[in-house]
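*Asks:* Contents of start05.tsv (TSV, C-alpha atoms):
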chain	number	residue	atom	x	y	z
A	1	MET	CA	15.92	33.19	-9.59
A	2	GLN	CA	12.48	33.71	-11.10
A	3	ALA	CA	10.49	31.07	-13.01
A	4	ASP	CA	6.91	30.74	-14.23
A	5	LEU	CA	6.51	27.33	-12.63
A	6	ILE	CA	8.60	25.51	-10.03
A	7	ILE	CA	8.15	21.74	-9.68
A	8	VAL	CA	9.47	20.47	-6.36
A	9	GLY	CA	10.51	16.84	-6.79
A	10	ALA	CA	12.23	15.31	-9.82
A	11	GLY	CA	10.90	11.80	-9.30
A	12	MET	CA	8.74	9.94	-11.78
A	13	VAL	CA	5.71	12.25	-11.47
A	14	GLY	CA	7.47	15.61	-11.29
A	15	SER	CA	9.80	14.82	-14.19
A	16	THR	CA	6.88	13.62	-16.31
A	17	LEU	CA	5.07	16.92	-15.70
A	18	ALA	CA	8.16	18.92	-16.71
A	19	LEU	CA	8.50	16.94	-19.95
A	20	ALA	CA	4.76	17.16	-20.69
A	21	LEU	CA	4.98	20.96	-20.50
A	22	GLN	CA	7.86	21.25	-22.96
A	23	GLY	CA	7.18	23.69	-25.75
A	24	SER	CA	4.24	25.28	-23.92
A	25	GLY	CA	6.00	28.56	-23.24
A	26	PRO	CA	6.39	28.88	-19.47
A	27	LYS	CA	9.84	28.89	-17.91
A	28	VAL	CA	9.93	25.71	-15.80
A	29	ALA	CA	12.37	24.89	-13.02
A	30	ILE	CA	12.47	21.51	-11.29
A	31	ALA	CA	14.16	21.30	-7.89
A	32	ASP	CA	15.09	18.12	-6.08
A	33	ALA	CA	16.86	17.28	-2.84
A	34	GLY	CA	18.99	14.70	-4.66
A	35	PRO	CA	22.01	15.08	-6.95
A	36	LEU	CA	20.15	14.60	-10.29
A	37	THR	CA	23.04	12.67	-11.83
A	38	LEU	CA	22.77	9.68	-14.13
A	39	ALA	CA	24.68	6.55	-13.11
A	40	PRO	CA	25.66	4.00	-15.77
A	41	PHE	CA	23.06	1.24	-15.99
A	42	ASP	CA	24.27	-2.33	-15.60
A	43	ALA	CA	21.85	-4.64	-17.41
A	44	GLN	CA	23.41	-7.60	-15.62
A	45	GLY	CA	23.22	-5.97	-12.20
A	46	ALA	CA	20.85	-6.74	-9.35
A	47	PHE	CA	17.27	-5.53	-9.55
A	48	GLU	CA	16.25	-2.49	-7.55
A	49	PRO	CA	13.84	-3.52	-4.76
A	50	ARG	CA	11.23	-0.86	-5.55
A	51	VAL	CA	9.29	-1.46	-8.75
A	52	SER	CA	6.12	-0.16	-10.38
A	53	ALA	CA	3.47	-1.93	-12.44
A	54	LEU	CA	3.14	0.54	-15.30
A	55	SER	CA	-0.22	0.40	-17.09
A	56	ALA	CA	-0.76	0.84	-20.81
A	57	ALA	CA	-1.92	4.41	-20.13
A	58	SER	CA	1.30	5.14	-18.24
A	59	GLN	CA	3.34	3.64	-21.07
A	60	ARG	CA	1.65	5.97	-23.56
A	61	ILE	CA	2.35	8.99	-21.37
A	62	LEU	CA	6.00	8.01	-21.02
A	63	GLU	CA	6.27	7.36	-24.76
A	64	ARG	CA	4.85	10.76	-25.63
A	65	VAL	CA	7.12	12.67	-23.26
A	66	GLY	CA	10.13	10.87	-24.73
A	67	ALA	CA	11.11	8.61	-21.83
A	68	TRP	CA	9.87	5.13	-22.79
A	69	SER	CA	12.74	4.44	-25.18
A	70	GLY	CA	15.17	5.01	-22.31
A	71	ILE	CA	13.20	2.59	-20.15
A	72	ALA	CA	13.11	-0.10	-22.85
A	73	ALA	CA	16.84	0.33	-23.46
A	74	ARG	CA	17.49	-0.42	-19.79
A	75	ARG	CA	15.10	-3.02	-18.43
A	76	ALA	CA	11.31	-3.54	-18.50
A	77	SER	CA	9.37	-6.76	-17.91
A	78	PRO	CA	6.04	-7.11	-19.75
A	79	TYR	CA	3.27	-9.29	-18.38
A	80	GLY	CA	0.10	-10.44	-20.06
A	81	ASP	CA	-1.66	-12.38	-17.32
A	82	MET	CA	-2.57	-12.02	-13.66
A	83	ARG	CA	-3.59	-14.80	-11.29
A	84	VAL	CA	-5.19	-13.98	-7.94
A	85	TRP	CA	-6.36	-16.42	-5.29
A	86	ASP	CA	-7.52	-16.54	-1.69
A	87	GLY	CA	-5.12	-18.48	0.51
A	88	SER	CA	-7.92	-19.14	3.02
A	89	GLY	CA	-10.32	-20.67	0.52
A	90	THR	CA	-10.76	-21.97	-3.00
A	91	GLY	CA	-11.66	-18.75	-4.82
A	92	GLN	CA	-9.37	-17.69	-7.65
A	93	ILE	CA	-9.47	-15.60	-10.80
A	94	HIS	CA	-7.33	-15.28	-13.93
A	95	PHE	CA	-7.06	-12.09	-15.98
A	96	SER	CA	-5.54	-11.98	-19.44
A	97	ALA	CA	-4.72	-9.12	-21.78
A	98	ALA	CA	-6.02	-11.28	-24.61
A	99	THR	CA	-9.60	-10.81	-23.37
A	100	VAL	CA	-9.50	-7.21	-24.63
A	101	HIS	CA	-7.21	-7.98	-27.58
A	102	ALA	CA	-4.19	-6.37	-25.92
A	103	GLU	CA	-0.66	-7.74	-25.99
A	104	VAL	CA	0.20	-6.97	-22.37
A	105	LEU	CA	-1.47	-5.86	-19.14
A	106	GLY	CA	1.52	-3.71	-18.30
A	107	HIS	CA	5.22	-3.70	-17.49
A	108	ILE	CA	7.03	-4.22	-14.20
A	109	VAL	CA	9.81	-1.63	-14.14
A	110	GLU	CA	12.28	-0.68	-11.42
A	111	ASN	CA	11.58	2.82	-10.15
A	112	ARG	CA	15.22	3.77	-10.63
A	113	VAL	CA	14.98	2.82	-14.32
A	114	VAL	CA	11.95	5.06	-14.85
A	115	GLN	CA	13.55	7.96	-13.00
A	116	ASP	CA	16.83	7.68	-14.92
A	117	ALA	CA	15.03	7.54	-18.28
A	118	LEU	CA	13.04	10.65	-17.40
A	119	LEU	CA	16.13	12.51	-16.17
A	120	GLU	CA	17.94	11.51	-19.36
A	121	ALA	CA	15.11	13.00	-21.42
A	122	LEU	CA	15.10	16.19	-19.34
A	123	GLN	CA	18.83	16.65	-19.75
A	124	ALA	CA	18.69	15.94	-23.49
A	125	ARG	CA	15.86	18.38	-24.19
A	126	GLY	CA	16.88	21.17	-21.84
A	127	THR	CA	13.30	22.40	-21.55
A	128	ALA	CA	13.42	22.78	-17.75
A	129	GLU	CA	16.13	24.13	-15.47
A	130	LEU	CA	17.31	21.33	-13.18
A	131	ILE	CA	18.22	22.41	-9.66
A	132	ALA	CA	19.96	19.62	-7.73
A	133	ASP	CA	20.72	19.20	-4.02
A	134	ALA	CA	17.89	21.61	-3.19
A	135	ARG	CA	16.27	20.64	0.11
A	136	LEU	CA	13.28	22.88	0.75
A	137	GLU	CA	13.26	24.60	4.14
A	138	GLN	CA	10.90	27.56	3.75
A	139	LEU	CA	7.89	28.31	1.59
A	140	ARG	CA	6.45	31.80	1.81
A	141	GLU	CA	3.61	33.50	-0.04
A	142	VAL	CA	4.73	36.74	-1.65
A	143	GLU	CA	2.94	39.33	-3.77
A	144	ASP	CA	3.63	37.61	-7.09
A	145	GLY	CA	3.35	34.00	-5.93
A	146	TRP	CA	5.70	31.96	-3.77
A	147	GLN	CA	9.26	32.24	-2.52
A	148	LEU	CA	11.12	29.00	-1.86
A	149	THR	CA	14.22	28.93	0.32
A	150	PHE	CA	16.49	25.89	0.30
A	151	SER	CA	18.87	24.59	2.96
A	152	ASP	CA	21.92	26.09	1.24
A	153	GLY	CA	20.35	29.56	1.15
A	154	ARG	CA	19.29	29.55	-2.51
A	155	GLN	CA	15.94	31.18	-3.23
A	156	LEU	CA	13.48	30.74	-6.08
A	157	ARG	CA	10.30	32.63	-6.93
A	158	ALA	CA	7.37	31.65	-9.09
A	159	PRO	CA	3.65	32.38	-9.38
A	160	LEU	CA	2.94	28.64	-9.45
A	161	VAL	CA	4.49	25.82	-7.40
A	162	VAL	CA	3.71	22.14	-7.97
A	163	ALA	CA	4.42	19.68	-5.17
A	164	ALA	CA	5.70	16.40	-6.60
A	165	ASP	CA	7.95	15.63	-3.65
A	166	GLY	CA	6.39	12.40	-2.47
A	167	ALA	CA	4.36	11.08	0.44
A	168	ASN	CA	6.23	13.17	3.02
A	169	SER	CA	5.93	16.31	0.90
A	170	ALA	CA	7.74	19.32	2.34
A	171	VAL	CA	5.67	21.62	0.11
A	172	ARG	CA	2.42	20.19	1.44
A	173	ARG	CA	3.61	20.52	5.03
A	174	LEU	CA	5.03	24.04	4.69
A	175	ALA	CA	1.96	25.28	2.82
A	176	GLY	CA	-0.29	23.92	5.57
A	177	CYS	CA	-2.34	21.65	3.28
A	178	GLU	CA	-4.59	19.38	5.33
A	179	THR	CA	-4.80	15.63	4.75
A	180	ARG	CA	-6.91	12.68	5.80
A	181	GLU	CA	-4.73	9.73	6.68
A	182	TRP	CA	-4.77	6.45	8.50
A	183	ASP	CA	-2.31	3.69	9.30
A	184	TYR	CA	-2.90	0.19	7.97
A	185	PHE	CA	-0.76	-1.23	10.80
A	186	HIS	CA	0.92	-3.26	8.10
A	187	HIS	CA	4.36	-3.13	6.53
A	188	ALA	CA	5.37	-4.19	3.02
A	189	ILE	CA	8.51	-6.29	2.58
A	190	VAL	CA	9.96	-5.76	-0.89
A	191	THR	CA	12.83	-7.53	-2.61
A	192	SER	CA	13.67	-9.62	-5.68
A	193	VAL	CA	13.79	-13.42	-5.72
A	194	ARG	CA	14.75	-16.15	-8.15
A	195	CYS	CA	12.34	-19.09	-8.38
A	196	ALA	CA	12.80	-22.62	-9.64
A	197	GLU	CA	10.05	-22.18	-12.25
A	198	ALA	CA	9.60	-19.41	-14.82
A	199	HIS	CA	6.89	-16.83	-14.08
A	200	ARG	CA	5.54	-17.07	-17.65
A	201	ARG	CA	5.02	-13.29	-17.82
A	202	THR	CA	2.31	-13.57	-15.19
A	203	ALA	CA	1.71	-11.42	-12.10
A	204	TRP	CA	0.73	-13.59	-9.15
A	205	GLN	CA	-1.07	-12.47	-6.01
A	206	ARG	CA	-2.18	-14.54	-3.03
A	207	PHE	CA	-4.25	-13.13	-0.18
A	208	THR	CA	-2.87	-14.55	3.06
A	209	ASP	CA	-4.23	-14.27	6.60
A	210	ASN	CA	-1.62	-11.57	7.27
A	211	GLY	CA	-1.99	-9.61	4.04
A	212	PRO	CA	-1.52	-9.85	0.25
A	213	LEU	CA	1.62	-11.36	-1.24
A	214	ALA	CA	2.51	-10.46	-4.83
A	215	PHE	CA	5.10	-12.03	-7.14
A	216	LEU	CA	5.63	-9.59	-10.02
A	217	PRO	CA	7.52	-10.85	-13.07
A	218	LEU	CA	11.01	-9.54	-13.79
A	219	GLN	CA	13.18	-10.31	-16.79
A	220	ARG	CA	16.91	-10.11	-17.37
A	221	ASP	CA	18.39	-11.30	-20.68
A	222	GLY	CA	15.36	-13.50	-21.28
A	223	ASP	CA	15.58	-15.16	-17.85
A	224	GLU	CA	12.00	-15.36	-16.52
A	225	HIS	CA	12.81	-16.91	-13.15
A	226	TRP	CA	13.12	-13.61	-11.25
A	227	CYS	CA	10.22	-11.86	-9.51
A	228	SER	CA	9.80	-8.73	-7.43
A	229	ILE	CA	7.86	-9.52	-4.28
A	230	VAL	CA	5.62	-7.25	-2.23
A	231	TRP	CA	4.63	-9.01	0.99
A	232	SER	CA	2.19	-7.13	3.21
A	233	ALA	CA	2.18	-8.26	6.84
A	234	THR	CA	1.29	-6.98	10.29
A	235	GLU	CA	4.01	-4.95	11.98
A	236	ASP	CA	5.02	-7.78	14.34
A	237	GLU	CA	5.03	-10.37	11.56
A	238	ALA	CA	7.03	-8.08	9.25
A	239	ARG	CA	9.60	-7.54	12.00
A	240	ARG	CA	9.88	-11.31	12.47
A	241	LEU	CA	10.27	-11.95	8.74
A	242	MET	CA	12.91	-9.24	8.39
A	243	ALA	CA	14.94	-10.85	11.20
A	244	LEU	CA	15.10	-14.24	9.45
A	245	ASP	CA	18.27	-15.32	7.67
A	246	ASP	CA	17.98	-15.72	3.90
A	247	VAL	CA	17.54	-19.50	3.95
A	248	THR	CA	14.71	-19.38	6.50
A	249	PHE	CA	13.10	-16.38	4.78
A	250	ARG	CA	13.11	-18.17	1.40
A	251	ALA	CA	11.40	-21.18	2.99
A	252	ALA	CA	8.77	-18.99	4.70
A	253	LEU	CA	8.16	-17.09	1.46
A	254	GLY	CA	7.76	-20.33	-0.51
A	255	ARG	CA	5.18	-21.63	1.98
A	256	ALA	CA	3.22	-18.37	1.97
A	257	PHE	CA	3.14	-18.43	-1.84
A	258	GLU	CA	2.13	-22.12	-1.93
A	259	ARG	CA	5.24	-22.69	-4.07
A	260	ARG	CA	3.33	-21.75	-7.23
A	261	LEU	CA	6.70	-21.17	-8.92
A	262	GLY	CA	8.56	-23.94	-7.13
A	263	LYS	CA	11.24	-23.29	-4.55
A	264	VAL	CA	12.56	-19.79	-3.93
A	265	LEU	CA	16.24	-20.25	-4.79
A	266	GLU	CA	17.72	-16.77	-4.20
A	267	VAL	CA	16.70	-13.60	-2.42
A	268	ASP	CA	18.17	-10.11	-2.67
A	269	PRO	CA	18.43	-7.71	0.31
A	270	ARG	CA	15.02	-6.84	1.76
A	271	LEU	CA	13.37	-3.49	2.49
A	272	CYS	CA	10.48	-3.00	4.92
A	273	ILE	CA	8.10	-0.10	4.27
A	274	PRO	CA	5.28	1.00	6.63
A	275	LEU	CA	1.92	1.27	4.86
A	276	ARG	CA	-0.14	4.40	5.36
A	277	GLN	CA	-2.95	5.81	3.28
A	278	ARG	CA	-3.10	9.58	2.86
A	279	HIS	CA	-5.25	11.94	0.83
A	280	ALA	CA	-5.09	15.74	0.68
A	281	LYS	CA	-8.41	17.43	1.38
A	282	ARG	CA	-7.66	19.78	-1.53
A	283	TYR	CA	-5.17	19.26	-4.35
A	284	VAL	CA	-4.98	22.98	-5.15
A	285	ARG	CA	-5.05	26.51	-3.84
A	286	ALA	CA	-4.14	29.72	-5.63
A	287	GLY	CA	-0.65	29.26	-7.08
A	288	LEU	CA	-0.19	25.73	-5.70
A	289	ALA	CA	-0.99	22.18	-6.84
A	290	LEU	CA	-0.25	18.76	-5.35
A	291	ILE	CA	0.30	15.75	-7.61
A	292	GLY	CA	1.28	12.10	-7.16
A	293	ASP	CA	2.12	10.88	-3.67
A	294	ALA	CA	2.15	14.46	-2.40
A	295	ALA	CA	-1.62	14.44	-2.99
A	296	HIS	CA	-2.48	10.80	-2.32
A	297	THR	CA	-0.88	7.53	-1.28
A	298	ILE	CA	-2.62	4.22	-1.79
A	299	HIS	CA	-2.26	0.63	-0.59
A	300	PRO	CA	0.16	-1.22	-2.95
A	301	LEU	CA	-2.47	-3.94	-3.42
A	302	ALA	CA	-2.73	-3.45	-7.20
A	303	GLY	CA	0.37	-1.37	-7.90
A	304	GLN	CA	-1.70	1.64	-8.99
A	305	GLY	CA	0.12	4.40	-7.10
A	306	VAL	CA	2.53	5.53	-9.82
A	307	ASN	CA	-0.14	5.18	-12.52
A	308	LEU	CA	-2.39	7.60	-10.64
A	309	GLY	CA	0.54	10.00	-10.27
A	310	LEU	CA	1.43	9.92	-13.97
A	311	LEU	CA	-2.20	10.63	-14.85
A	312	ASP	CA	-2.11	13.56	-12.42
A	313	ALA	CA	0.92	14.95	-14.23
A	314	ALA	CA	-0.61	14.50	-17.69
A	315	VAL	CA	-3.94	16.09	-16.70
A	316	LEU	CA	-2.27	19.05	-14.96
A	317	ALA	CA	-0.08	19.67	-18.02
A	318	GLU	CA	-3.17	19.55	-20.24
A	319	VAL	CA	-5.07	21.99	-18.00
A	320	LEU	CA	-2.15	24.45	-17.85
A	321	GLN	CA	-1.56	24.31	-21.60
A	322	ALA	CA	-5.26	24.94	-22.31
A	323	ALA	CA	-5.25	27.89	-19.92
A	324	LEU	CA	-2.21	29.42	-21.62
A	325	ALA	CA	-3.84	28.99	-25.03
A	326	ARG	CA	-6.88	30.93	-23.74
A	327	GLY	CA	-4.75	33.69	-22.25
A	328	GLU	CA	-5.56	32.71	-18.64
A	329	ARG	CA	-3.11	32.76	-15.72
A	330	PRO	CA	-2.11	29.16	-14.93
A	331	ALA	CA	-1.70	30.05	-11.23
A	332	ASP	CA	-5.35	31.16	-10.87
A	333	LEU	CA	-7.41	28.98	-8.57
A	334	ARG	CA	-10.18	28.59	-11.12
A	335	VAL	CA	-7.66	27.12	-13.58
A	336	LEU	CA	-6.08	24.76	-11.07
A	337	SER	CA	-9.53	23.67	-9.85
A	338	ARG	CA	-10.16	22.13	-13.28
A	339	PHE	CA	-7.27	19.75	-12.59
A	340	GLU	CA	-8.67	18.90	-9.15
A	341	ARG	CA	-12.17	18.25	-10.52
A	342	ARG	CA	-10.80	15.80	-13.09
A	343	ARG	CA	-8.42	13.88	-10.86
A	344	MET	CA	-9.86	13.80	-7.34
A	345	PRO	CA	-12.95	11.64	-8.10
A	346	HIS	CA	-10.85	9.08	-9.99
A	347	ASN	CA	-8.19	8.90	-7.28
A	348	LEU	CA	-10.76	8.63	-4.49
A	349	ALA	CA	-12.61	5.85	-6.34
A	350	MET	CA	-9.40	3.87	-6.77
A	351	MET	CA	-8.44	4.40	-3.12
A	352	ALA	CA	-11.90	3.29	-1.97
A	353	ALA	CA	-11.75	0.17	-4.13
A	354	MET	CA	-8.32	-0.80	-2.79
A	355	GLU	CA	-9.46	-0.09	0.78
A	356	GLY	CA	-12.51	-2.31	0.24
A	357	PHE	CA	-10.41	-5.15	-1.15
A	358	GLU	CA	-7.92	-4.86	1.69
A	359	ARG	CA	-10.64	-4.96	4.36
A	360	LEU	CA	-12.52	-7.82	2.69
A	361	PHE	CA	-9.47	-10.05	2.37
A	362	GLN	CA	-8.26	-9.26	5.89
A	363	ALA	CA	-11.64	-10.14	7.38
A	364	ASP	CA	-11.57	-13.34	9.41
A	365	GLN	CA	-15.32	-13.82	9.88
A	366	LEU	CA	-16.65	-16.95	8.19
A	367	PRO	CA	-19.47	-15.17	6.25
A	368	LEU	CA	-16.99	-12.71	4.75
A	369	ARG	CA	-14.57	-15.50	3.84
A	370	TRP	CA	-17.44	-17.26	2.08
A	371	LEU	CA	-18.45	-14.02	0.35
A	372	ARG	CA	-15.00	-13.25	-1.06
A	373	ASN	CA	-14.48	-16.82	-2.28
A	374	ALA	CA	-17.91	-16.87	-3.87
A	375	GLY	CA	-17.20	-13.48	-5.44
A	376	LEU	CA	-13.92	-14.65	-6.97
A	377	LYS	CA	-15.56	-17.79	-8.35
A	378	SER	CA	-18.48	-15.83	-9.77
A	379	ALA	CA	-16.23	-13.24	-11.39
A	380	GLU	CA	-14.07	-15.98	-12.89
A	381	ALA	CA	-17.17	-17.29	-14.66
A	382	LEU	CA	-18.15	-13.88	-16.09
A	383	PRO	CA	-15.95	-12.84	-19.05
A	384	GLU	CA	-17.57	-9.39	-19.24
A	385	VAL	CA	-16.67	-8.62	-15.63
A	386	LYS	CA	-13.11	-9.80	-16.15
A	387	ALA	CA	-12.76	-7.74	-19.31
A	388	LEU	CA	-13.97	-4.65	-17.41
A	389	PHE	CA	-11.32	-5.23	-14.74
A	390	VAL	CA	-8.65	-5.68	-17.42
A	391	ARG	CA	-9.59	-2.37	-19.04
A	392	GLN	CA	-9.32	-0.69	-15.64
A	393	ALA	CA	-5.90	-2.27	-15.10
A	394	LEU	CA	-4.77	-1.05	-18.51
A	395	GLY	CA	-5.84	2.46	-17.48
A	396	LEU	CA	-7.79	2.94	-20.70
A	397	SER	CA	-11.16	3.98	-19.28
A	398	GLY	CA	-12.53	7.14	-17.74
A	399	ASP	CA	-11.48	10.75	-18.29
A	400	LEU	CA	-8.07	10.22	-19.87
A	401	PRO	CA	-5.70	13.06	-20.74
A	402	GLN	CA	-4.64	13.36	-24.36
A	403	LEU	CA	-1.20	11.95	-23.58
A	404	ALA	CA	-2.76	8.65	-22.44
A	405	ARG	CA	-5.28	8.17	-25.24
A	406	ARG	CA	-4.94	5.83	-28.18
Starting from the file, give its structure as structure tokens.
*Replies:*
Amino acid sequence: MQADLIIVGAGMVGSTLALALQGSGPKVAIADAGPLTLAPFDAQGAFEPRVSALSAASQRILERVGAWSGIAARRASPYGDMRVWDGSGTGQIHFSAATVHAEVLGHIVENRVVQDALLEALQARGTAELIADARLEQLREVEDGWQLTFSDGRQLRAPLVVAADGANSAVRRLAGCETREWDYFHHAIVTSVRCAEAHRRTAWQRFTDNGPLAFLPLQRDGDEHWCSIVWSATEDEARRLMALDDVTFRAALGRAFERRLGKVLEVDPRLCIPLRQRHAKRYVRAGLALIGDAAHTIHPLAGQGVNLGLLDAAVLAEVLQAALARGERPADLRVLSRFERRRMPHNLAMMAAMEGFERLFQADQLPLRWLRNAGLKSAEALPEVKALFVRQALGLSGDLPQLARR
């Protein structure tokens, strides 16, 4: 089969790119190792353990590609406030959407909900050919682009391939793209919990001696007692916490969170995810582009990973559409380099900021503890600084693609 563009990976980022390109002209195929089938959504069912904190910019992108209505019809939890504090001191800070006259800071949404809404939009619009159960085994440069061979023997050809197949990208590996990466020697425990007190549409984050602990607000039929937790801990501590029975784990979690929402009453099954930061040295080469986690993975400290990926998709779509309008070949390196120039500085800046925060709050030296507590207290007293942070969290600053603008 021949296409103009093959997107490998039908997750949140790859599907968004396919939808953003609809009506542009090129024949798009999107291949995924999974079945690409929609399961009925149970609004009363348990929460998925993996969630994303979608920014206002991400919401606009998803609205404009036709997926947000599917998300809202399933389940999305808005939040308007964020409270952050240092568990080893007295520093704390409160952010509110109201400081920039916004209604919400973002929405906590289960990844499965976002993916299903995007797949639903792809199936309804029929603008891209969906190729399911396609596990990539070979990637070979040919005269007119790339040839992809899948585990069942199917082959696809296209002048342009986009890797949207996640942190362990097969495209990136098979194409020989180099990365810089390092291990945090931490794991993230993720699950959903029910607390005695309502979260009040607030995202809570405490920096502990072992790592950050976030309680992200979830909502089901108006019940605001559920939260998604992301608990970063050293490998040994994560292993110990995962081995605890539910009663003991709930008690340990409540202590670590200083019981800001009262007792932890229920806990769903837990997942433990190793944390590793990775960044491709180049996002592009002739006929190839990396987006989302295939290009960069970031510490989950501020839940920015998926937002960076959606911006990648929107910018790449914009660059390709502009190239087509000018009669240029989208697969040309000079075209794809425009995408890299727009996205790499922003992604690196965000990664550096998260790395700095992580190192500062993990530091045990007394001067650094004093510095971070003093910094939190000072920032809390400066409305302009807080408003700047809120605008960053909303994703409404910097070089935004058209899909993310007001």
*Asks:* Neighbouring residues of range 126-133 of chain A were defined as those with any atom within 10 Å, considering all atoms listed in the file; residues of the same chain fewer than 3 positions away were excluded. Please report them as an NGL selection string.
*Replies:* :A and (3 or 5-10 or 15 or 18-19 or 21-37 or 119 or 121-123 or 136 or 150-152)
*Asks:* Compare A:Trp226, A:Tyr283, A:Phe249, A:Phe215 by their minimum atom-to-atom distance to Met82 in chain A, counting only C-alpha atoms, and give me the closest one.
*Replies:*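 Smallest distance to Met82 in chain A is found for A:Phe215.
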*Asks:* If you measure from CA of Ala188 in chain A to CA of Arg260 in chain A, what distance in Å do you get, rounded to one decimal?
*Replies:*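 CA of Ala188 in chain A sits 20.4 Å away from CA of Arg260 in chain A.
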*Asks:* Between CA of Glu197 in chain A and CA of Gly262 in chain A, what distance in Å does the model show, to one decimal?
*Replies:*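 CA of Gly262 in chain A lies at a distance of 5.6 Å from CA of Glu197 in chain A.
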*Asks:* Just give me the gap between CA of Thr16 in chain A and CA of Ile61 in chain A in Å, one decimal is fine.
*Replies:*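 Interatomic distance, CA of Thr16 in chain A to CA of Ile61 in chain A: 8.2 Å.
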*Asks:* I want to know what sits within 6 Å of range 306-316 of chain A, based on only C-alpha atoms, with residues of the same chain fewer than 6 positions away left out; could you give that as a list in words?
*Replies:*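 The residues that qualify are Val13, Leu17, Ser58, Ile291, Gly292, Phe339 and Pro401 of chain A.
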*Asks:* Which is closest to Val267 in chain A among A:Ser52, A:Asn210, A:Gln402, A:Ser192, if we use all atoms listed in the file?
*Replies:*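 Using all atoms listed in the file, Val267 in chain A sits closest to A:Ser192.
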*Asks:* Show me the residues around (1.4, -9.8, -11.3) - criterion: an atom at most 9 Å away, all atoms listed in the file counted - as a PDB file with C-alpha atoms, in the coordinates of the input.
*Replies:*
ATOM      1  CA  ALA A  53       3.470  -1.930 -12.440  1.00  0.00           C
ATOM      2  CA  TYR A  79       3.270  -9.290 -18.380  1.00  0.00           C
ATOM      3  CA  GLY A  80       0.100 -10.440 -20.060  1.00  0.00           C
ATOM      4  CA  ASP A  81      -1.660 -12.380 -17.320  1.00  0.00           C
ATOM      5  CA  MET A  82      -2.570 -12.020 -13.660  1.00  0.00           C
ATOM      6  CA  ARG A  83      -3.590 -14.800 -11.290  1.00  0.00           C
ATOM      7  CA  VAL A  84      -5.190 -13.980  -7.940  1.00  0.00           C
ATOM      8  CA  ILE A 108       7.030  -4.220 -14.200  1.00  0.00           C
ATOM      9  CA  ARG A 201       5.020 -13.290 -17.820  1.00  0.00           C
ATOM     10  CA  THR A 202       2.310 -13.570 -15.190  1.00  0.00           C
ATOM     11  CA  ALA A 203       1.710 -11.420 -12.100  1.00  0.00           C
ATOM     12  CA  TRP A 204       0.730 -13.590  -9.150  1.00  0.00           C
ATOM     13  CA  GLN A 205      -1.070 -12.470  -6.010  1.00  0.00           C
ATOM     14  CA  ALA A 214       2.510 -10.460  -4.830  1.00  0.00           C
ATOM     15  CA  PHE A 215       5.100 -12.030  -7.140  1.00  0.00           C
ATOM     16  CA  LEU A 216       5.630  -9.590 -10.020  1.00  0.00           C
ATOM     17  CA  PRO A 217       7.520 -10.850 -13.070  1.00  0.00           C
ATOM     18  CA  ALA A 302      -2.730  -3.450  -7.200  1.00  0.00           C
TER      19      ALA A 302
END
*Asks:* Wanna dump the range 136-219 of chain A-range 296-301 of chain A contacts at 12 Å for me, each residue with its shortest atom pair and the distance in Å to one decimal, counting all atoms listed in the file, ordered by chain and number, as a Markdown table?
*Replies:*
| residue | atom | partner | partner_atom | distance |
| --- | --- | --- | --- | --- |
| A:Ala163 | CA | A:His296 | CA | 11.6 |
| A:Ala164 | CA | A:His296 | CA | 10.8 |
| A:Asp165 | CA | A:His296 | CA | 11.6 |
| A:Gly166 | CA | A:Thr297 | CA | 8.8 |
| A:Ala167 | CA | A:Thr297 | CA | 6.6 |
| A:Asn168 | CA | A:Thr297 | CA | 10.0 |
| A:Ser169 | CA | A:His296 | CA | 10.6 |
| A:Arg172 | CA | A:His296 | CA | 11.2 |
| A:Glu178 | CA | A:His296 | CA | 11.7 |
| A:Thr179 | CA | A:His296 | CA | 8.9 |
| A:Arg180 | CA | A:His296 | CA | 9.4 |
| A:Glu181 | CA | A:Thr297 | CA | 9.1 |
| A:Trp182 | CA | A:Thr297 | CA | 10.6 |
| A:Asp183 | CA | A:His299 | CA | 10.4 |
| A:Tyr184 | CA | A:His299 | CA | 8.6 |
| A:Phe185 | CA | A:His299 | CA | 11.6 |
| A:His186 | CA | A:His299 | CA | 10.0 |
| A:His187 | CA | A:His299 | CA | 10.4 |
| A:Ala188 | CA | A:Pro300 | CA | 8.5 |
| A:Ile189 | CA | A:Pro300 | CA | 11.2 |
| A:Val190 | CA | A:Pro300 | CA | 11.0 |
| A:Trp204 | CA | A:Leu301 | CA | 11.7 |
| A:Gln205 | CA | A:Leu301 | CA | 9.0 |
| A:Arg206 | CA | A:Leu301 | CA | 10.6 |
| A:Phe207 | CA | A:Leu301 | CA | 9.9 |
| A:Gly211 | CA | A:Leu301 | CA | 9.4 |
| A:Pro212 | CA | A:Leu301 | CA | 7.0 |
| A:Leu213 | CA | A:Leu301 | CA | 8.7 |
| A:Ala214 | CA | A:Leu301 | CA | 8.3 |
| A:Phe215 | CA | A:Leu301 | CA | 11.7 |
| A:Leu216 | CA | A:Leu301 | CA | 11.9 |
*Asks:* Could you write out as lines of an AutoDock Vina configuration file the box around range 311-330 of chain A (axis-aligned, all atoms listed in the file, 3 Å on each side), with centre and edge lengths in Å to one decimal?
*Replies:*
center_x = -3.0
center_y = 22.2
center_z = -18.7
size_x = 13.8
size_y = 29.1
size_z = 18.6
*Asks:* Of the candidates A:Ala352, A:Ala286, A:Val247, A:Ala295, which one gets nearest to Ser337 in chain A if we count only C-alpha atoms?
*Replies:* A:Ala286
*Asks:* Ranking A:Gln277, A:Arg338, A:Phe257, A:Asn347 by minimum distance to Trp85 in chain A and counting all atoms listed in the file, which one comes first?
*Replies:* A:Phe257
